Amino acid sequence: MTESANGPLSGVRVVELAGIGPGPFAAMLLADLGADVVRVDRPGGPGLSIDPACDITNRNKRSVLVDLKSPDGVAQVLELVERADVLVEGYRPGVAERLGVGPEECLARNPRLVYGRMTGWGQQGPLADTAGHDIGYIAVTGALGMIGSPDGPPAIPANLLGDYAGGSLYLVIGVLAALQHARTEGGAGQVVDAAIVDGTAHLTAMIHGMLAAGGWQDRRSANLFDGGAPFYGAYETADGGYMAVGALEQRFYGEFIRLLGLGQEAPSRDDLAAWGELRTTIAARFKTRTREEWTAVFEESDACVAPVLSLREAPQHPHLAARGTFVEHSGLTQPAPAPRFSRTPGAVRRPPAQPGADTAEIARDWQVPGLLAPPPAGSGEAPGRTAQKDAAG
């Protein structure tokens, strides 16, 4: 089998207008899959307090420094757009248009361009022009309200559910679908409006179906998948660690109870009135051993039990280590590109892009000599810095 280490998107050119949050992550995913991603950074930086050398979301990219407040800067971006297949931006609605790099200007220069827009609220609607963050977007979709204990506030899933699952991944899906259309006979470029509220709501499709069928209660910790069932949740161990239990099916549950050592002591799982007692019994049993000891008990079984690991522990998990789920590159331990491809695997090829470090290389490869013009002295932040936070977590 002939393989390419460049990824299935090798040859696809992407312009990313620098921002923070889900836009950069979406562009990183495209870069991981082999696309040539040029990040257009601005003087003054994106406003995220992280060392650029550690910003993994900018791996596999190259960077140019452009001042979009100046006409020369706008001209430079439009020259890149002429040669690109995709543009990704995360400004508030109207900001790209005011800068002169909106869809109308870009598609006029390149009719087959896929113009990807990443926002929290979307391009239209009563809240479209207001600021926001991940927590607000997932709150109004009903997703946040499903997570957590019934007697406390909702649990906040970092910014993974909104920014990255409901935002970045939907932007990438939209961009790839639009790119396929643009490359078919008679196809053309178009705008992809990826709103975190839309994507997060879409993620709840199965739950809405269960709700309509009477199989889901519209409250926290009262259902199979939200911690309501005693055989689907996390339990503390003797050393303060936790084990995650997902023994939903009867045969997996039987294996779980057997290895847990409960036998006939466990109340029937089919008796909902006994779920409280069952949870107490399981919790007491888990408290008798450490996380490491329970991990050994359930290892390689079909009980659907796993240790709850920290971010620093996860790369050392035997299964993840065997699969190479995490890699080390340029001194950074980081998740490997996903998903995997048999013929065109993605790879971590470059460390996080440093603002402006690749200007000469990009000017040569993309044949845009105008990039080599120095930015005007005293350039500061481009308009829209706050706007770029609109879709950030």
# chains A, B, ... in the order shown; residues from 1 in each chain; ligands from 1
call {"tool": "residues_around", "arguments": {"residues": "A:Glu299", "least_positions_apart": "5", "cutoff": "12 Å", "atoms": "only C-alpha atoms", "output": "list in words"}}
result
Met243, Glu255, Phe256, Leu259, Arg291, Glu292, Glu293, Trp294, Cys304, Val305, Ala306, Pro307, His317, Pro318 and His319 of chain A
call {"tool": "write_last_selection", "arguments": {"atoms": "N, CA, C and O atoms", "output": "compact mmCIF listing (two decimals), in the first residue's frame"}}
result
# COMPACT_ATOMS: atom_id res chain seq x y z
N MET A 243 -13.04 6.02 39.62
CA MET A 243 -13.21 5.04 38.56
C MET A 243 -14.50 5.39 37.81
O MET A 243 -15.52 5.70 38.43
N GLU A 255 -20.67 -8.68 34.57
CA GLU A 255 -19.22 -8.75 34.74
C GLU A 255 -18.73 -7.71 35.75
O GLU A 255 -17.85 -7.97 36.58
N PHE A 256 -19.32 -6.53 35.69
CA PHE A 256 -18.96 -5.45 36.62
C PHE A 256 -19.25 -5.86 38.06
O PHE A 256 -18.39 -5.75 38.94
N LEU A 259 -16.79 -8.67 39.25
CA LEU A 259 -15.43 -8.22 39.56
C LEU A 259 -15.41 -7.26 40.74
O LEU A 259 -14.41 -7.17 41.46
N ARG A 291 -7.37 3.49 43.41
CA ARG A 291 -7.64 3.54 41.97
C ARG A 291 -6.76 2.54 41.22
O ARG A 291 -7.22 1.84 40.30
N GLU A 292 -5.50 2.46 41.58
CA GLU A 292 -4.58 1.53 40.91
C GLU A 292 -5.02 0.09 41.11
O GLU A 292 -4.97 -0.73 40.18
N GLU A 293 -5.47 -0.24 42.32
CA GLU A 293 -5.91 -1.61 42.59
C GLU A 293 -7.16 -1.95 41.80
O GLU A 293 -7.27 -3.05 41.23
N TRP A 294 -8.12 -1.04 41.74
CA TRP A 294 -9.33 -1.30 40.96
C TRP A 294 -9.03 -1.36 39.47
O TRP A 294 -9.64 -2.14 38.73
N CYS A 304 -16.59 -2.57 31.42
CA CYS A 304 -16.72 -1.16 31.01
C CYS A 304 -16.39 -0.21 32.18
O CYS A 304 -17.16 0.70 32.51
N VAL A 305 -15.25 -0.45 32.80
CA VAL A 305 -14.77 0.37 33.90
C VAL A 305 -13.37 0.87 33.56
O VAL A 305 -12.54 0.10 33.06
N ALA A 306 -13.11 2.15 33.82
CA ALA A 306 -11.80 2.73 33.52
C ALA A 306 -11.42 3.73 34.59
O ALA A 306 -12.28 4.36 35.20
N PRO A 307 -10.11 3.90 34.83
CA PRO A 307 -9.68 4.92 35.78
C PRO A 307 -9.87 6.31 35.21
O PRO A 307 -9.72 6.52 34.00
N HIS A 317 -1.25 6.07 29.73
CA HIS A 317 -2.16 4.93 29.79
C HIS A 317 -1.71 3.89 28.75
O HIS A 317 -1.41 4.24 27.61
N PRO A 318 -1.61 2.61 29.13
CA PRO A 318 -1.06 1.60 28.22
C PRO A 318 -1.72 1.54 26.86
O PRO A 318 -1.04 1.38 25.83
N HIS A 319 -3.05 1.65 26.82
CA HIS A 319 -3.73 1.57 25.52
C HIS A 319 -3.40 2.78 24.65
O HIS A 319 -3.10 2.65 23.46
call {"tool": "closest_atom_pairs", "arguments": {"of": "stretch 128-210 of chain A", "to": "stretch 14-26 of chain A", "cutoff": "9 Å", "atoms": "only C-alpha atoms", "output": "Markdown table"}}
result
| residue | atom | partner | partner_atom | distance |
| --- | --- | --- | --- | --- |
| A:Asn159 | CA | A:Gly21 | CA | 8.9 |
| A:Gly162 | CA | A:Pro22 | CA | 8.8 |
| A:Asp163 | CA | A:Pro22 | CA | 5.2 |
| A:Tyr164 | CA | A:Pro22 | CA | 5.6 |
| A:Ala165 | CA | A:Pro22 | CA | 9.0 |
| A:Gly167 | CA | A:Pro22 | CA | 6.1 |
| A:Ser168 | CA | A:Ala26 | CA | 4.7 |
| A:Leu169 | CA | A:Ala26 | CA | 6.6 |
| A:Tyr170 | CA | A:Ala26 | CA | 8.8 |
| A:Leu171 | CA | A:Ala26 | CA | 6.8 |
| A:Val172 | CA | A:Ala26 | CA | 6.0 |
call {"tool": "write_last_selection", "arguments": {"atoms": "N, CA, C and O atoms", "output": "CSV table (one decimal), in the first residue's frame"}}
result
chain,number,residue,atom,x,y,z
A,159,ASN,N,-14.1,24.0,27.9
A,159,ASN,CA,-14.7,24.6,26.7
A,159,ASN,C,-14.8,23.6,25.6
A,159,ASN,O,-14.7,24.0,24.4
A,162,GLY,N,-18.8,23.2,23.7
A,162,GLY,CA,-19.2,24.3,22.8
A,162,GLY,C,-18.2,24.7,21.8
A,162,GLY,O,-18.3,24.5,20.6
A,163,ASP,N,-17.1,25.3,22.3
A,163,ASP,CA,-16.0,25.8,21.3
A,163,ASP,C,-15.6,24.7,20.3
A,163,ASP,O,-15.5,25.0,19.1
A,164,TYR,N,-15.2,23.5,20.8
A,164,TYR,CA,-14.6,22.6,20.0
A,164,TYR,C,-15.5,21.5,19.3
A,164,TYR,O,-15.4,21.3,18.1
A,165,ALA,N,-16.4,21.0,20.1
A,165,ALA,CA,-17.3,20.0,19.5
A,165,ALA,C,-18.4,20.7,18.7
A,165,ALA,O,-18.6,20.4,17.6
A,167,GLY,N,-18.4,23.8,17.8
A,167,GLY,CA,-17.9,24.9,17.0
A,167,GLY,C,-16.9,24.4,16.0
A,167,GLY,O,-17.2,24.3,14.8
A,168,SER,N,-15.7,24.1,16.4
A,168,SER,CA,-14.6,23.8,15.5
A,168,SER,C,-15.0,22.6,14.6
A,168,SER,O,-14.7,22.6,13.3
A,169,LEU,N,-15.5,21.5,15.1
A,169,LEU,CA,-15.7,20.3,14.3
A,169,LEU,C,-16.8,20.6,13.3
A,169,LEU,O,-16.7,20.0,12.2
A,170,TYR,N,-17.8,21.4,13.6
A,170,TYR,CA,-18.9,21.7,12.7
A,170,TYR,C,-18.3,22.6,11.6
A,170,TYR,O,-18.7,22.5,10.4
A,171,LEU,N,-17.4,23.5,11.9
A,171,LEU,CA,-16.8,24.3,10.9
A,171,LEU,C,-16.0,23.5,9.9
A,171,LEU,O,-16.1,23.7,8.7
A,172,VAL,N,-15.3,22.5,10.4
A,172,VAL,CA,-14.5,21.7,9.6
A,172,VAL,C,-15.4,20.8,8.7
A,172,VAL,O,-15.1,20.7,7.5
call {"tool": "select_by_dssp", "arguments": {"residues": "stretch 107-269 of chain A", "states": "strand (DSSP E or B)", "output": "list in words"}}
result
Val114, Tyr115, Gly116, Arg117, Met118, Thr119, Gln190, Val191, Val192, Asp193, Ala194, Ala195, Tyr232, Gly233, Ala234, Tyr235, Glu236, Tyr242, Met243, Ala244, Val245 and Gly246 of chain A
call {"tool": "residues_around", "arguments": {"residues": "A:Ser268", "least_positions_apart": "6", "cutoff": "12 Å", "atoms": "only C-alpha atoms", "output": "CSV table (one decimal) with all heavy atoms, in the first residue's frame"}}
result
chain,number,residue,atom,x,y,z
A,230,PRO,N,-27.0,4.2,38.6
A,230,PRO,CA,-25.9,3.9,39.4
A,230,PRO,C,-24.8,3.1,38.7
A,230,PRO,O,-23.7,3.0,39.2
A,230,PRO,CB,-26.5,3.0,40.6
A,230,PRO,CG,-27.8,2.5,40.1
A,230,PRO,CD,-28.3,3.5,39.1
A,231,PHE,N,-25.1,2.5,37.6
A,231,PHE,CA,-24.1,1.7,36.8
A,231,PHE,C,-23.5,2.5,35.7
A,231,PHE,O,-23.0,2.0,34.7
A,231,PHE,CB,-24.7,0.4,36.3
A,231,PHE,CG,-26.1,0.6,35.8
A,231,PHE,CD1,-26.4,0.9,34.5
A,231,PHE,CD2,-27.2,0.3,36.6
A,231,PHE,CE1,-27.7,1.1,34.0
A,231,PHE,CE2,-28.5,0.5,36.2
A,231,PHE,CZ,-28.8,0.8,34.8
A,250,GLN,N,-26.8,-5.5,30.2
A,250,GLN,CA,-26.9,-6.5,31.3
A,250,GLN,C,-25.6,-7.4,31.4
A,250,GLN,O,-25.1,-7.6,32.5
A,250,GLN,CB,-28.1,-7.3,31.1
A,250,GLN,CG,-28.3,-8.3,32.2
A,250,GLN,CD,-28.6,-7.7,33.6
A,250,GLN,OE1,-29.4,-6.8,33.7
A,250,GLN,NE2,-27.8,-8.1,34.6
A,253,TYR,N,-22.9,-5.4,32.8
A,253,TYR,CA,-23.2,-5.1,34.2
A,253,TYR,C,-22.9,-6.4,35.1
A,253,TYR,O,-22.4,-6.3,36.2
A,253,TYR,CB,-24.6,-4.7,34.3
A,253,TYR,CG,-25.1,-4.5,35.8
A,253,TYR,CD1,-24.7,-3.3,36.4
A,253,TYR,CD2,-25.8,-5.4,36.4
A,253,TYR,CE1,-25.1,-3.1,37.8
A,253,TYR,CE2,-26.3,-5.2,37.8
A,253,TYR,CZ,-25.9,-4.1,38.4
A,253,TYR,OH,-26.3,-3.9,39.7
A,254,GLY,N,-23.2,-7.5,34.6
A,254,GLY,CA,-23.0,-8.8,35.3
A,254,GLY,C,-21.5,-9.0,35.6
A,254,GLY,O,-21.1,-9.3,36.7
A,257,ILE,N,-20.4,-6.3,38.3
A,257,ILE,CA,-20.8,-6.7,39.7
A,257,ILE,C,-19.9,-7.9,40.2
A,257,ILE,O,-19.5,-7.9,41.3
A,257,ILE,CB,-22.3,-7.1,39.7
A,257,ILE,CG1,-23.2,-5.9,39.5
A,257,ILE,CG2,-22.7,-7.8,41.0
A,257,ILE,CD1,-23.0,-4.8,40.6
A,262,LEU,N,-19.5,-8.0,44.6
A,262,LEU,CA,-20.8,-7.8,45.3
A,262,LEU,C,-21.7,-9.0,45.3
A,262,LEU,O,-22.3,-9.3,46.3
A,262,LEU,CB,-21.5,-6.6,44.7
A,262,LEU,CG,-21.0,-5.2,45.0
A,262,LEU,CD1,-21.8,-4.1,44.4
A,262,LEU,CD2,-20.9,-5.0,46.5
A,274,ALA,N,-34.7,1.1,43.9
A,274,ALA,CA,-33.6,0.6,44.6
A,274,ALA,C,-32.3,1.2,44.1
A,274,ALA,O,-31.2,0.9,44.6
A,274,ALA,CB,-33.5,-0.9,44.6
A,275,TRP,N,-32.4,2.1,43.1
A,275,TRP,CA,-31.1,2.7,42.6
A,275,TRP,C,-30.3,3.4,43.6
A,275,TRP,O,-29.1,3.4,43.6
A,275,TRP,CB,-31.5,3.6,41.4
A,275,TRP,CG,-31.6,2.9,40.1
A,275,TRP,CD1,-31.7,1.5,39.9
A,275,TRP,CD2,-31.7,3.4,38.8
A,275,TRP,NE1,-31.8,1.2,38.6
A,275,TRP,CE2,-31.8,2.4,37.9
A,275,TRP,CE3,-31.6,4.7,38.3
A,275,TRP,CZ2,-31.8,2.6,36.5
A,275,TRP,CZ3,-31.7,4.9,36.9
A,275,TRP,CH2,-31.8,3.9,36.0
A,276,GLY,N,-31.0,4.1,44.5
A,276,GLY,CA,-30.2,4.8,45.6
A,276,GLY,C,-29.4,3.9,46.4
A,276,GLY,O,-28.3,4.1,46.7
A,277,GLU,N,-30.1,2.8,46.8
A,277,GLU,CA,-29.4,1.8,47.6
A,277,GLU,C,-28.2,1.1,46.8
A,277,GLU,O,-27.1,0.9,47.4
A,277,GLU,CB,-30.4,0.7,48.1
A,277,GLU,CG,-29.8,-0.4,49.0
A,277,GLU,CD,-30.8,-1.5,49.3
A,277,GLU,OE1,-31.9,-1.3,48.9
A,277,GLU,OE2,-30.3,-2.5,49.9
A,278,LEU,N,-28.5,0.9,45.5
A,278,LEU,CA,-27.4,0.3,44.7
A,278,LEU,C,-26.2,1.2,44.6
A,278,LEU,O,-25.1,0.7,44.6
A,278,LEU,CB,-28.0,-0.1,43.3
A,278,LEU,CG,-27.1,-0.7,42.3
A,278,LEU,CD1,-26.4,-1.9,42.8
A,278,LEU,CD2,-27.8,-0.9,41.0
A,279,ARG,N,-26.5,2.5,44.4
A,279,ARG,CA,-25.4,3.4,44.3
A,279,ARG,C,-24.6,3.5,45.5
A,279,ARG,O,-23.3,3.5,45.5
A,279,ARG,CB,-26.0,4.8,44.0
A,279,ARG,CG,-24.9,5.9,43.6
A,279,ARG,CD,-25.5,7.3,43.5
A,279,ARG,NE,-26.6,7.3,42.7
A,279,ARG,CZ,-26.6,7.3,41.3
A,279,ARG,NH1,-25.4,7.4,40.7
A,279,ARG,NH2,-27.7,7.4,40.6
A,281,THR,N,-24.2,1.1,47.7
A,281,THR,CA,-23.5,-0.2,47.9
A,281,THR,C,-22.2,-0.2,47.0
A,281,THR,O,-21.2,-0.6,47.4
A,281,THR,CB,-24.4,-1.4,47.5
A,281,THR,OG1,-25.6,-1.3,48.3
A,281,THR,CG2,-23.7,-2.7,47.6
call {"tool": "residues_around", "arguments": {"residues": "A:Gln367", "least_positions_apart": "3", "cutoff": "12 Å", "atoms": "only C-alpha atoms", "output": "JSON, numbers by chain"}}
result
{"A": [76, 79, 80, 81, 82, 83, 84, 359, 360, 361, 362, 363, 364, 370, 371, 372]}
call {"tool": "write_last_selection", "arguments": {"atoms": "all heavy atoms", "output": "short mmCIF file (atom, residue, chain, number, x, y, z; two decimals), in the first residue's frame"}}
result
data_model
loop_
_atom_site.label_atom_id
_atom_site.label_comp_id
_atom_site.auth_asym_id
_atom_site.auth_seq_id
_atom_site.Cartn_x
_atom_site.Cartn_y
_atom_site.Cartn_z
N GLN A 76 -2.58 42.39 0.84
CA GLN A 76 -1.79 41.17 1.03
C GLN A 76 -2.69 39.97 1.30
O GLN A 76 -2.49 38.89 0.74
CB GLN A 76 -0.81 41.37 2.19
CG GLN A 76 0.33 42.34 1.87
CD GLN A 76 1.14 42.71 3.11
OE1 GLN A 76 0.64 42.64 4.24
NE2 GLN A 76 2.39 43.08 2.91
N GLU A 79 -4.44 38.88 -1.85
CA GLU A 79 -3.53 38.13 -2.73
C GLU A 79 -3.44 36.67 -2.28
O GLU A 79 -3.40 35.76 -3.11
CB GLU A 79 -2.15 38.77 -2.73
CG GLU A 79 -2.02 40.00 -3.61
CD GLU A 79 -0.56 40.39 -3.82
OE1 GLU A 79 0.09 39.82 -4.71
OE2 GLU A 79 -0.08 41.25 -3.05
N LEU A 80 -3.38 36.45 -0.99
CA LEU A 80 -3.38 35.08 -0.48
C LEU A 80 -4.68 34.38 -0.82
O LEU A 80 -4.70 33.21 -1.23
CB LEU A 80 -3.16 35.08 1.03
CG LEU A 80 -1.77 35.44 1.55
CD1 LEU A 80 -1.78 35.63 3.05
CD2 LEU A 80 -0.75 34.34 1.17
N VAL A 81 -5.79 35.11 -0.68
CA VAL A 81 -7.11 34.54 -0.96
C VAL A 81 -7.21 34.07 -2.40
O VAL A 81 -7.82 33.04 -2.69
CB VAL A 81 -8.20 35.58 -0.62
CG1 VAL A 81 -9.53 35.21 -1.26
CG2 VAL A 81 -8.34 35.73 0.88
N GLU A 82 -6.63 34.81 -3.32
CA GLU A 82 -6.66 34.44 -4.73
C GLU A 82 -6.08 33.05 -4.96
O GLU A 82 -6.49 32.34 -5.88
CB GLU A 82 -5.89 35.45 -5.58
CG GLU A 82 -6.63 36.74 -5.83
CD GLU A 82 -5.88 37.63 -6.81
OE1 GLU A 82 -4.89 37.14 -7.42
OE2 GLU A 82 -6.26 38.79 -6.97
N ARG A 83 -5.15 32.66 -4.11
CA ARG A 83 -4.43 31.40 -4.28
C ARG A 83 -4.91 30.31 -3.32
O ARG A 83 -4.35 29.22 -3.28
CB ARG A 83 -2.94 31.65 -4.09
CG ARG A 83 -2.34 32.58 -5.16
CD ARG A 83 -1.09 33.27 -4.67
NE ARG A 83 -0.45 34.08 -5.72
CZ ARG A 83 -0.86 35.29 -6.08
NH1 ARG A 83 -1.91 35.85 -5.49
NH2 ARG A 83 -0.21 35.93 -7.04
N ALA A 84 -5.91 30.63 -2.52
CA ALA A 84 -6.36 29.72 -1.47
C ALA A 84 -7.59 28.93 -1.90
O ALA A 84 -8.30 29.29 -2.85
CB ALA A 84 -6.67 30.50 -0.20
N THR A 359 7.16 34.32 6.82
CA THR A 359 6.73 35.24 5.76
C THR A 359 7.48 35.00 4.45
O THR A 359 6.85 34.90 3.39
CB THR A 359 6.91 36.69 6.22
OG1 THR A 359 6.13 36.91 7.41
CG2 THR A 359 6.47 37.66 5.14
N ALA A 360 8.79 34.93 4.50
CA ALA A 360 9.57 34.77 3.27
C ALA A 360 9.25 33.45 2.58
O ALA A 360 9.11 33.39 1.35
CB ALA A 360 11.06 34.87 3.59
N GLU A 361 9.11 32.41 3.37
CA GLU A 361 8.82 31.08 2.83
C GLU A 361 7.45 31.06 2.15
O GLU A 361 7.28 30.51 1.05
CB GLU A 361 8.87 30.08 3.97
CG GLU A 361 8.78 28.63 3.56
CD GLU A 361 8.86 27.71 4.78
OE1 GLU A 361 7.80 27.43 5.37
OE2 GLU A 361 9.99 27.30 5.14
N ILE A 362 6.47 31.68 2.79
CA ILE A 362 5.11 31.71 2.23
C ILE A 362 5.08 32.59 0.99
O ILE A 362 4.44 32.24 -0.02
CB ILE A 362 4.11 32.22 3.28
CG1 ILE A 362 4.03 31.22 4.45
CG2 ILE A 362 2.73 32.43 2.67
CD1 ILE A 362 3.35 31.79 5.68
N ALA A 363 5.77 33.73 1.02
CA ALA A 363 5.81 34.61 -0.14
C ALA A 363 6.36 33.87 -1.36
O ALA A 363 5.86 34.05 -2.48
CB ALA A 363 6.67 35.83 0.17
N ARG A 364 7.33 33.00 -1.11
CA ARG A 364 7.90 32.22 -2.21
C ARG A 364 6.96 31.12 -2.66
O ARG A 364 6.65 30.98 -3.85
CB ARG A 364 9.22 31.61 -1.75
CG ARG A 364 9.94 30.75 -2.82
CD ARG A 364 10.98 29.86 -2.17
NE ARG A 364 10.35 28.84 -1.32
CZ ARG A 364 10.86 28.43 -0.16
NH1 ARG A 364 11.98 28.97 0.31
NH2 ARG A 364 10.24 27.50 0.54
N GLY A 370 4.30 40.48 -2.40
CA GLY A 370 3.86 41.63 -1.64
C GLY A 370 3.90 41.42 -0.14
O GLY A 370 3.89 42.38 0.64
N LEU A 371 3.97 40.15 0.29
CA LEU A 371 4.04 39.87 1.73
C LEU A 371 5.34 40.36 2.34
O LEU A 371 5.42 40.56 3.56
CB LEU A 371 3.91 38.36 1.99
CG LEU A 371 2.56 37.72 1.75
CD1 LEU A 371 2.66 36.21 1.91
CD2 LEU A 371 1.53 38.28 2.72
N LEU A 372 6.34 40.54 1.52
CA LEU A 372 7.66 40.91 2.03
C LEU A 372 7.75 42.39 2.38
O LEU A 372 8.74 42.82 2.98
CB LEU A 372 8.74 40.54 1.02
CG LEU A 372 8.84 39.05 0.69
CD1 LEU A 372 9.87 38.80 -0.38
CD2 LEU A 372 9.18 38.26 1.96
#
call {"tool": "residues_around", "arguments": {"residues": "A:Val308", "least_positions_apart": "2", "cutoff": "10 Å", "atoms": "only C-alpha atoms", "output": "PDB file with N, CA and C atoms, in the first residue's frame"}}
result
ATOM      1  N   ALA A 234     -19.214   7.935  38.084  1.00  0.00           N
ATOM      2  CA  ALA A 234     -17.853   7.900  38.616  1.00  0.00           C
ATOM      3  C   ALA A 234     -17.904   7.690  40.124  1.00  0.00           C
ATOM      4  N   TYR A 235     -17.004   6.849  40.607  1.00  0.00           N
ATOM      5  CA  TYR A 235     -16.976   6.510  42.029  1.00  0.00           C
ATOM      6  C   TYR A 235     -15.586   6.747  42.607  1.00  0.00           C
ATOM      7  N   GLU A 236     -15.563   7.298  43.821  1.00  0.00           N
ATOM      8  CA  GLU A 236     -14.296   7.597  44.496  1.00  0.00           C
ATOM      9  C   GLU A 236     -13.677   6.323  45.056  1.00  0.00           C
ATOM     10  N   GLY A 241      -8.901   8.846  44.307  1.00  0.00           N
ATOM     11  CA  GLY A 241      -9.046   8.808  42.862  1.00  0.00           C
ATOM     12  C   GLY A 241     -10.477   8.462  42.485  1.00  0.00           C
ATOM     13  N   TYR A 242     -10.715   8.253  41.201  1.00  0.00           N
ATOM     14  CA  TYR A 242     -12.063   7.913  40.735  1.00  0.00           C
ATOM     15  C   TYR A 242     -11.993   6.843  39.656  1.00  0.00           C
ATOM     16  N   MET A 243     -13.035   6.019  39.623  1.00  0.00           N
ATOM     17  CA  MET A 243     -13.213   5.041  38.558  1.00  0.00           C
ATOM     18  C   MET A 243     -14.495   5.386  37.812  1.00  0.00           C
ATOM     19  N   ALA A 244     -14.445   5.323  36.489  1.00  0.00           N
ATOM     20  CA  ALA A 244     -15.605   5.594  35.641  1.00  0.00           C
ATOM     21  C   ALA A 244     -16.269   4.276  35.278  1.00  0.00           C
ATOM     22  N   VAL A 245     -17.580   4.197  35.508  1.00  0.00           N
ATOM     23  CA  VAL A 245     -18.337   2.966  35.272  1.00  0.00           C
ATOM     24  C   VAL A 245     -19.363   3.232  34.179  1.00  0.00           C
ATOM     25  N   ARG A 291      -7.365   3.487  43.408  1.00  0.00           N
ATOM     26  CA  ARG A 291      -7.640   3.538  41.969  1.00  0.00           C
ATOM     27  C   ARG A 291      -6.761   2.544  41.216  1.00  0.00           C
ATOM     28  N   THR A 295      -8.076  -0.560  39.020  1.00  0.00           N
ATOM     29  CA  THR A 295      -7.690  -0.621  37.611  1.00  0.00           C
ATOM     30  C   THR A 295      -7.192  -2.012  37.261  1.00  0.00           C
ATOM     31  N   VAL A 305     -15.247  -0.447  32.798  1.00  0.00           N
ATOM     32  CA  VAL A 305     -14.768   0.375  33.898  1.00  0.00           C
ATOM     33  C   VAL A 305     -13.370   0.869  33.563  1.00  0.00           C
ATOM     34  N   ALA A 306     -13.107   2.146  33.821  1.00  0.00           N
ATOM     35  CA  ALA A 306     -11.802   2.725  33.518  1.00  0.00           C
ATOM     36  C   ALA A 306     -11.416   3.731  34.589  1.00  0.00           C
ATOM     37  N   SER A 310      -5.810  12.174  34.926  1.00  0.00           N
ATOM     38  CA  SER A 310      -5.571  13.599  34.710  1.00  0.00           C
ATOM     39  C   SER A 310      -4.967  13.809  33.326  1.00  0.00           C
ATOM     40  N   LEU A 311      -4.874  15.051  32.911  1.00  0.00           N
ATOM     41  CA  LEU A 311      -4.272  15.359  31.610  1.00  0.00           C
ATOM     42  C   LEU A 311      -2.831  14.884  31.539  1.00  0.00           C
ATOM     43  N   GLU A 313      -1.544  12.391  33.248  1.00  0.00           N
ATOM     44  CA  GLU A 313      -1.490  10.931  33.334  1.00  0.00           C
ATOM     45  C   GLU A 313      -1.903  10.258  32.028  1.00  0.00           C
ATOM     46  N   ALA A 314      -2.820  10.864  31.299  1.00  0.00           N
ATOM     47  CA  ALA A 314      -3.421  10.214  30.136  1.00  0.00           C
ATOM     48  C   ALA A 314      -2.416   9.676  29.120  1.00  0.00           C
TER      49      ALA A 314
END
call {"tool": "closest_residue", "arguments": {"among": "A:Val40, A:Ala177, A:Glu97, A:Gly122", "to": "A:Gly73", "atoms": "only C-alpha atoms"}}
result
A:Val40
call {"tool": "closest_residue", "arguments": {"among": "A:Val37, A:Met28, A:His133, A:Asp270", "to": "A:Asn58", "atoms": "only C-alpha atoms"}}
result
A:Met28
call {"tool": "residues_around", "arguments": {"residues": "stretch 211-220 of chain A", "least_positions_apart": "2", "cutoff": "10 Å", "atoms": "only C-alpha atoms", "output": "PyMOL selection string"}}
result
chain A and resi 142+144-154+205-209+222-228
call {"tool": "residues_around", "arguments": {"residues": "A:Val348", "least_positions_apart": "6", "cutoff": "9 Å", "atoms": "only C-alpha atoms", "output": "list of chain:residue names"}}
result
A:Ala31, A:Asp32, A:Arg59, A:Asn60, A:Val327, A:His329, A:Ala336, A:Pro337
call {"tool": "write_last_selection", "arguments": {"atoms": "N, CA and C atoms", "output": "PDB file, in the first residue's frame"}}
result
ATOM      1  N   ALA A  31      -4.858  21.523   9.139  1.00  0.00           N
ATOM      2  CA  ALA A  31      -3.407  21.410   8.972  1.00  0.00           C
ATOM      3  C   ALA A  31      -2.928  20.003   9.317  1.00  0.00           C
ATOM      4  N   ASP A  32      -3.483  19.419  10.376  1.00  0.00           N
ATOM      5  CA  ASP A  32      -3.115  18.052  10.748  1.00  0.00           C
ATOM      6  C   ASP A  32      -3.422  17.074   9.631  1.00  0.00           C
ATOM      7  N   ARG A  59       0.058  24.332  15.588  1.00  0.00           N
ATOM      8  CA  ARG A  59       1.027  23.413  14.987  1.00  0.00           C
ATOM      9  C   ARG A  59       0.679  23.176  13.517  1.00  0.00           C
ATOM     10  N   ASN A  60       1.661  22.732  12.772  1.00  0.00           N
ATOM     11  CA  ASN A  60       1.496  22.387  11.355  1.00  0.00           C
ATOM     12  C   ASN A  60       1.080  23.568  10.484  1.00  0.00           C
ATOM     13  N   VAL A 327       1.665  12.208  21.161  1.00  0.00           N
ATOM     14  CA  VAL A 327       3.012  12.223  20.604  1.00  0.00           C
ATOM     15  C   VAL A 327       3.799  13.354  21.250  1.00  0.00           C
ATOM     16  N   HIS A 329       6.512  16.293  20.220  1.00  0.00           N
ATOM     17  CA  HIS A 329       7.115  16.988  19.086  1.00  0.00           C
ATOM     18  C   HIS A 329       7.586  18.346  19.560  1.00  0.00           C
ATOM     19  N   ALA A 336      -2.089  13.320  19.212  1.00  0.00           N
ATOM     20  CA  ALA A 336      -1.730  13.071  17.813  1.00  0.00           C
ATOM     21  C   ALA A 336      -2.896  13.460  16.911  1.00  0.00           C
ATOM     22  N   PRO A 337      -2.630  13.719  15.627  1.00  0.00           N
ATOM     23  CA  PRO A 337      -3.728  14.015  14.698  1.00  0.00           C
ATOM     24  C   PRO A 337      -4.751  12.886  14.667  1.00  0.00           C
TER      25      PRO A 337
END
call {"tool": "closest_residue", "arguments": {"among": "A:Val101, A:Val74, A:Ala201, A:Ala303", "to": "A:Leu161", "atoms": "only C-alpha atoms"}}
result
A:Ala201
call {"tool": "select_by_dssp", "arguments": {"residues": "stretch 134-377 of chain A", "states": "alpha helix (DSSP H)", "output": "number ranges by chain"}}
result
A: 134-140, 169-182, 196-203, 205-212, 250-260, 275-286, 291-298, 318-323, 359-365
call {"tool": "atom_distance", "arguments": {"atom1": "atom CA of A:Pro374", "atom2": "atom CA of A:Ile56"}}
result
27.2 Å
call {"tool": "atom_distance", "arguments": {"atom1": "atom CA of A:Asp41", "atom2": "atom CA of A:Ala27"}}
result
13.4 Å
